[in-house]
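**Student:** So here's coords_14.pdb, just PDB, C-alpha atoms and all ligand atoms:
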ATOM      1  CA  MET J  10      75.088  68.964 125.528
ATOM      2  CA  THR J  11      75.202  70.407 122.063
ATOM      3  CA  ASP J  12      75.891  67.025 120.534
ATOM      4  CA  LYS J  13      72.500  65.559 119.741
ATOM      5  CA  THR J  14      73.548  62.126 118.626
ATOM      6  CA  THR J  15      70.997  59.455 119.340
ATOM      7  CA  SER J  16      71.362  58.439 122.922
ATOM      8  CA  ALA J  17      69.989  55.074 123.807
ATOM      9  CA  THR J  18      69.013  54.289 127.371
ATOM     10  CA  VAL J  19      70.884  51.434 129.004
ATOM     11  CA  LEU J  20      69.863  49.855 132.296
ATOM     12  CA  VAL J  21      72.736  48.338 134.260
ATOM     13  CA  ILE J  22      71.898  45.755 136.921
ATOM     14  CA  GLU J  23      75.103  44.973 138.804
ATOM     15  CA  ASP J  24      75.812  44.554 142.513
ATOM     16  CA  ASN J  25      79.580  44.974 142.397
ATOM     17  CA  PRO J  26      80.306  48.684 142.922
ATOM     18  CA  LEU J  27      83.542  48.660 140.926
ATOM     19  CA  ASN J  28      81.968  46.943 137.946
ATOM     20  CA  MET J  29      78.977  49.257 138.181
ATOM     21  CA  GLU J  30      81.224  52.317 138.094
ATOM     22  CA  LEU J  31      83.276  50.943 135.241
ATOM     23  CA  VAL J  32      80.280  50.075 133.075
ATOM     24  CA  CYS J  33      78.476  53.326 133.828
ATOM     25  CA  ASP J  34      81.588  55.420 133.180
ATOM     26  CA  ILE J  35      81.975  53.774 129.791
ATOM     27  CA  LEU J  36      78.317  54.338 128.951
ATOM     28  CA  ASP J  37      78.451  57.936 130.180
ATOM     29  CA  SER J  38      81.492  58.726 128.089
ATOM     30  CA  TYR J  39      79.696  57.457 124.986
ATOM     31  CA  ASN J  40      76.623  59.531 125.780
ATOM     32  CA  TYR J  41      74.307  56.692 126.594
ATOM     33  CA  ARG J  42      71.602  57.475 129.109
ATOM     34  CA  VAL J  43      72.186  55.243 132.097
ATOM     35  CA  LEU J  44      69.826  53.725 134.629
ATOM     36  CA  ARG J  45      71.274  51.611 137.383
ATOM     37  CA  SER J  46      70.215  49.104 139.964
ATOM     38  CA  GLU J  47      72.251  46.993 142.364
ATOM     39  CA  ARG J  48      69.575  44.350 142.678
ATOM     40  CA  ALA J  49      67.283  42.456 140.354
ATOM     41  CA  GLU J  50      63.847  43.407 141.654
ATOM     42  CA  PRO J  51      64.220  47.200 141.517
ATOM     43  CA  GLY J  52      66.014  46.728 138.205
ATOM     44  CA  ILE J  53      62.998  44.969 136.762
ATOM     45  CA  SER J  54      60.777  47.783 138.006
ATOM     46  CA  LEU J  55      63.051  50.315 136.295
ATOM     47  CA  ALA J  56      62.883  48.312 133.076
ATOM     48  CA  GLN J  57      59.093  48.208 133.187
ATOM     49  CA  GLU J  58      58.865  51.903 133.950
ATOM     50  CA  HIS J  59      61.451  53.269 131.497
ATOM     51  CA  LEU J  60      61.621  50.571 128.804
ATOM     52  CA  PRO J  61      65.371  50.957 128.219
ATOM     53  CA  ASP J  62      66.907  50.103 124.843
ATOM     54  CA  LEU J  63      69.259  47.585 126.440
ATOM     55  CA  VAL J  64      69.772  45.864 129.784
ATOM     56  CA  ILE J  65      73.250  44.917 130.972
ATOM     57  CA  MET J  66      72.609  42.163 133.482
ATOM     58  CA  ASP J  67      75.041  40.776 136.012
ATOM     59  CA  ILE J  68      74.174  37.122 136.497
ATOM     60  CA  SER J  69      75.430  36.767 140.051
ATOM     61  CA  LEU J  70      73.320  39.059 142.216
ATOM     62  CA  PRO J  71      72.273  38.869 145.858
ATOM     63  CA  GLY J  72      68.736  37.574 146.189
ATOM     64  CA  MET J  73      67.170  37.123 142.782
ATOM     65  CA  ASP J  74      69.889  36.321 140.255
ATOM     66  CA  GLY J  75      70.254  37.734 136.770
ATOM     67  CA  LEU J  76      68.946  34.584 135.102
ATOM     68  CA  THR J  77      65.643  34.760 136.965
ATOM     69  CA  ALA J  78      65.449  38.486 136.319
ATOM     70  CA  THR J  79      65.986  37.898 132.596
ATOM     71  CA  ARG J  80      63.231  35.280 132.528
ATOM     72  CA  LEU J  81      60.886  37.758 134.193
ATOM     73  CA  LEU J  82      61.728  40.435 131.634
ATOM     74  CA  ARG J  83      61.081  37.905 128.881
ATOM     75  CA  SER J  84      57.719  36.914 130.363
ATOM     76  CA  ASP J  85      56.421  40.496 130.344
ATOM     77  CA  PRO J  86      55.125  41.581 126.915
ATOM     78  CA  ASN J  87      56.326  45.137 127.579
ATOM     79  CA  THR J  88      59.933  44.183 128.268
ATOM     80  CA  ARG J  89      60.205  40.955 126.293
ATOM     81  CA  ASN J  90      61.983  42.512 123.307
ATOM     82  CA  ILE J  91      64.558  44.537 125.212
ATOM     83  CA  PRO J  92      67.968  43.028 124.471
ATOM     84  CA  VAL J  93      69.764  41.666 127.525
ATOM     85  CA  LEU J  94      73.544  41.505 127.644
ATOM     86  CA  ALA J  95      74.682  39.204 130.445
ATOM     87  CA  LEU J  96      77.829  39.805 132.457
ATOM     88  CA  THR J  97      79.051  36.368 133.427
ATOM     89  CA  ALA J  98      81.849  35.235 135.690
ATOM     90  CA  GLY J  99      84.455  33.882 133.308
ATOM     91  CA  ALA J 100      85.494  31.169 135.724
ATOM     92  CA  MET J 101      82.011  29.712 135.997
ATOM     93  CA  ARG J 102      81.708  27.031 133.368
ATOM     94  CA  GLY J 103      78.213  26.854 131.980
ATOM     95  CA  ASP J 104      77.334  30.435 132.886
ATOM     96  CA  GLU J 105      77.192  31.446 129.251
ATOM     97  CA  ARG J 106      74.976  28.556 128.246
ATOM     98  CA  ARG J 107      72.638  29.231 131.157
ATOM     99  CA  ALA J 108      72.518  32.930 130.306
ATOM    100  CA  LEU J 109      71.464  32.240 126.730
ATOM    101  CA  ALA J 110      68.972  29.600 127.877
ATOM    102  CA  ALA J 111      67.388  32.143 130.234
ATOM    103  CA  GLY J 112      66.827  34.488 127.299
ATOM    104  CA  CYS J 113      69.889  36.705 127.328
ATOM    105  CA  ASP J 114      70.828  37.809 123.809
ATOM    106  CA  SER J 115      74.525  37.776 124.445
ATOM    107  CA  TYR J 116      77.121  37.630 127.182
ATOM    108  CA  ILE J 117      80.458  39.063 128.172
ATOM    109  CA  SER J 118      82.740  37.271 130.597
ATOM    110  CA  LYS J 119      84.210  39.250 133.455
ATOM    111  CA  PRO J 120      86.771  40.695 133.514
ATOM    112  CA  PHE J 121      85.891  42.222 130.156
ATOM    113  CA  GLU J 122      87.695  44.598 127.845
ATOM    114  CA  ILE J 123      86.089  47.965 127.295
ATOM    115  CA  ASP J 124      86.245  47.632 123.512
ATOM    116  CA  VAL J 125      84.523  44.264 123.635
ATOM    117  CA  LEU J 126      81.752  45.599 125.850
ATOM    118  CA  LEU J 127      81.192  48.653 123.648
ATOM    119  CA  ARG J 128      81.115  46.616 120.460
ATOM    120  CA  GLU J 129      78.569  44.250 121.939
ATOM    121  CA  ILE J 130      76.396  47.111 123.180
ATOM    122  CA  GLU J 131      76.415  48.708 119.749
ATOM    123  CA  ARG J 132      75.685  45.417 118.035
ATOM    124  CA  LEU J 133      72.687  44.672 120.257
ATOM    125  CA  LEU J 134      71.317  48.200 119.890
ATOM    126  CA  SER J 135      71.611  48.094 116.120
ATOM    127  CA  ASN J 136      69.893  44.704 115.996
ATOM    128  CA  ARG J 137      66.905  45.929 117.869
ATOM    129  CA  PRO J 138      63.815  46.122 115.664
ATOM    130  CA  ARG J 139      62.396  49.623 115.756
ATOM    131  CA  GLU J 140      58.756  50.078 116.488
ATOM    132  CA  GLY J 141      56.682  51.501 113.693
ATOM    133  CA  THR J 142      58.953  50.226 110.957
ATOM    134  CA  SER J 143      59.041  46.855 109.332
TER     135      SER J 143
HETATM  136 MN    MN J 201      77.544  40.207 140.925
END
Using the file provided, produce a representation of the structure as structure tokens.

**Tutor:**
Amino acid sequence: MTDKTTSATVLVIEDNPLNMELVCDILDSYNYRVLRSERAEPGISLAQEHLPDLVIMDISLPGMDGLTATRLLRSDPNTRNIPVLALTAGAMRGDERRALAAGCDSYISKPFEIDVLLREIERLLSNRPREGTS
């Protein structure tokens, strides 16, 4: 890569392989660094280890769901300020409200449009307070 534009690291926690590929392809093509996990627990470990700039969190996951995972990220001082963008099932009424209540910063209903996802990613990354500045 000769293009040295700032590349933020985005962790994607998503169990659906097609959605995972779609989201990661989008992130790749915009030069984001991508970490991925198909389940919540290893995803949380990745977040604690790498401190990504953003987490894209599927809410419906096998085992621990994305709401619980978000609460855990929020309860850890090291990961508490990482923005979380929830991917919610559009048909599930109340998903959005529950996502925000669990501490997600924002949500996108599936199926989502690429432009909408990208805009939301950029918005959340630009909102993030940078350490060492005030
Ligand atoms: Mn899912």

**Student:** With all atoms listed in the file counted, collect every polymer residue having an atom within 10 Å of ligand MN 201 (chain J); state the result as a VMD selection string.

**Tutor:** chain J and resid 22 to 26 28 to 29 47 to 48 66 to 71 74 to 75 96 to 98

**Student:** Measuring atom to atom with only C-alpha atoms, identify which of J:Asn90, J:Asn136, J:Thr77, J:Ser118 is nearest to Ile53 (chain J).

**Tutor:**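 Ranked by minimum distance to Ile53 (chain J), first place goes to J:Thr77.
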
**Student:** So, with all atoms listed in the file as the atoms that count, which of J:Leu134, J:Ile117, J:Leu81, J:Ala95 lies closest to Ala17 (chain J)?

**Tutor:**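 Result for the nearest residue to Ala17 (chain J): J:Leu134.
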
**Student:** Pick the closest to His59 (chain J) from J:Leu94, J:Leu76, J:Val43, J:Leu27: which is it, counting only C-alpha atoms?

**Tutor:**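 Checking each of J:Leu94, J:Leu76, J:Val43, J:Leu27 against His59 (chain J), counting only C-alpha atoms, the winner is J:Val43.
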
**Student:** Could you check the closest approach to Ser135 (chain J) for each of J:Cys113, J:Asp62, J:Asp85, J:Ile123 and tell me which residue wins, using only C-alpha atoms?

**Tutor:** J:Asp62

**Student:** Name the residues that the PyMOL selection byres (((chain J and resi 88) around 12) and not hetatm) pulls out of this structure, and write them as a count of residues only.

**Tutor:** 29

**Student:** Any chance you could work out the axis-aligned box around region 14-29 of chain J, listed atoms only, 6 Å on each side, giving centre and edge lengths in Å to one decimal, as lines of an AutoDock Vina configuration file?

**Tutor:**
center_x = 76.3
center_y = 53.3
center_z = 130.8
size_x = 26.5
size_y = 29.6
size_z = 36.3

**Student:** May I ask which of the residues J:Leu126, J:Ala49, J:Ala110, J:Leu20 is the closest one to Ile65 (chain J), counting only C-alpha atoms?

**Tutor:**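 Residue with the minimum atom-to-atom distance to Ile65 (chain J): J:Leu20.
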
**Student:** Nearest residue to Gly99 (chain J) out of J:Ala111, J:Lys119, J:Ser46, J:Tyr39, using only C-alpha atoms?

**Tutor:**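 Comparing J:Ala111, J:Lys119, J:Ser46, J:Tyr39 against Gly99 (chain J), the winner is J:Lys119.
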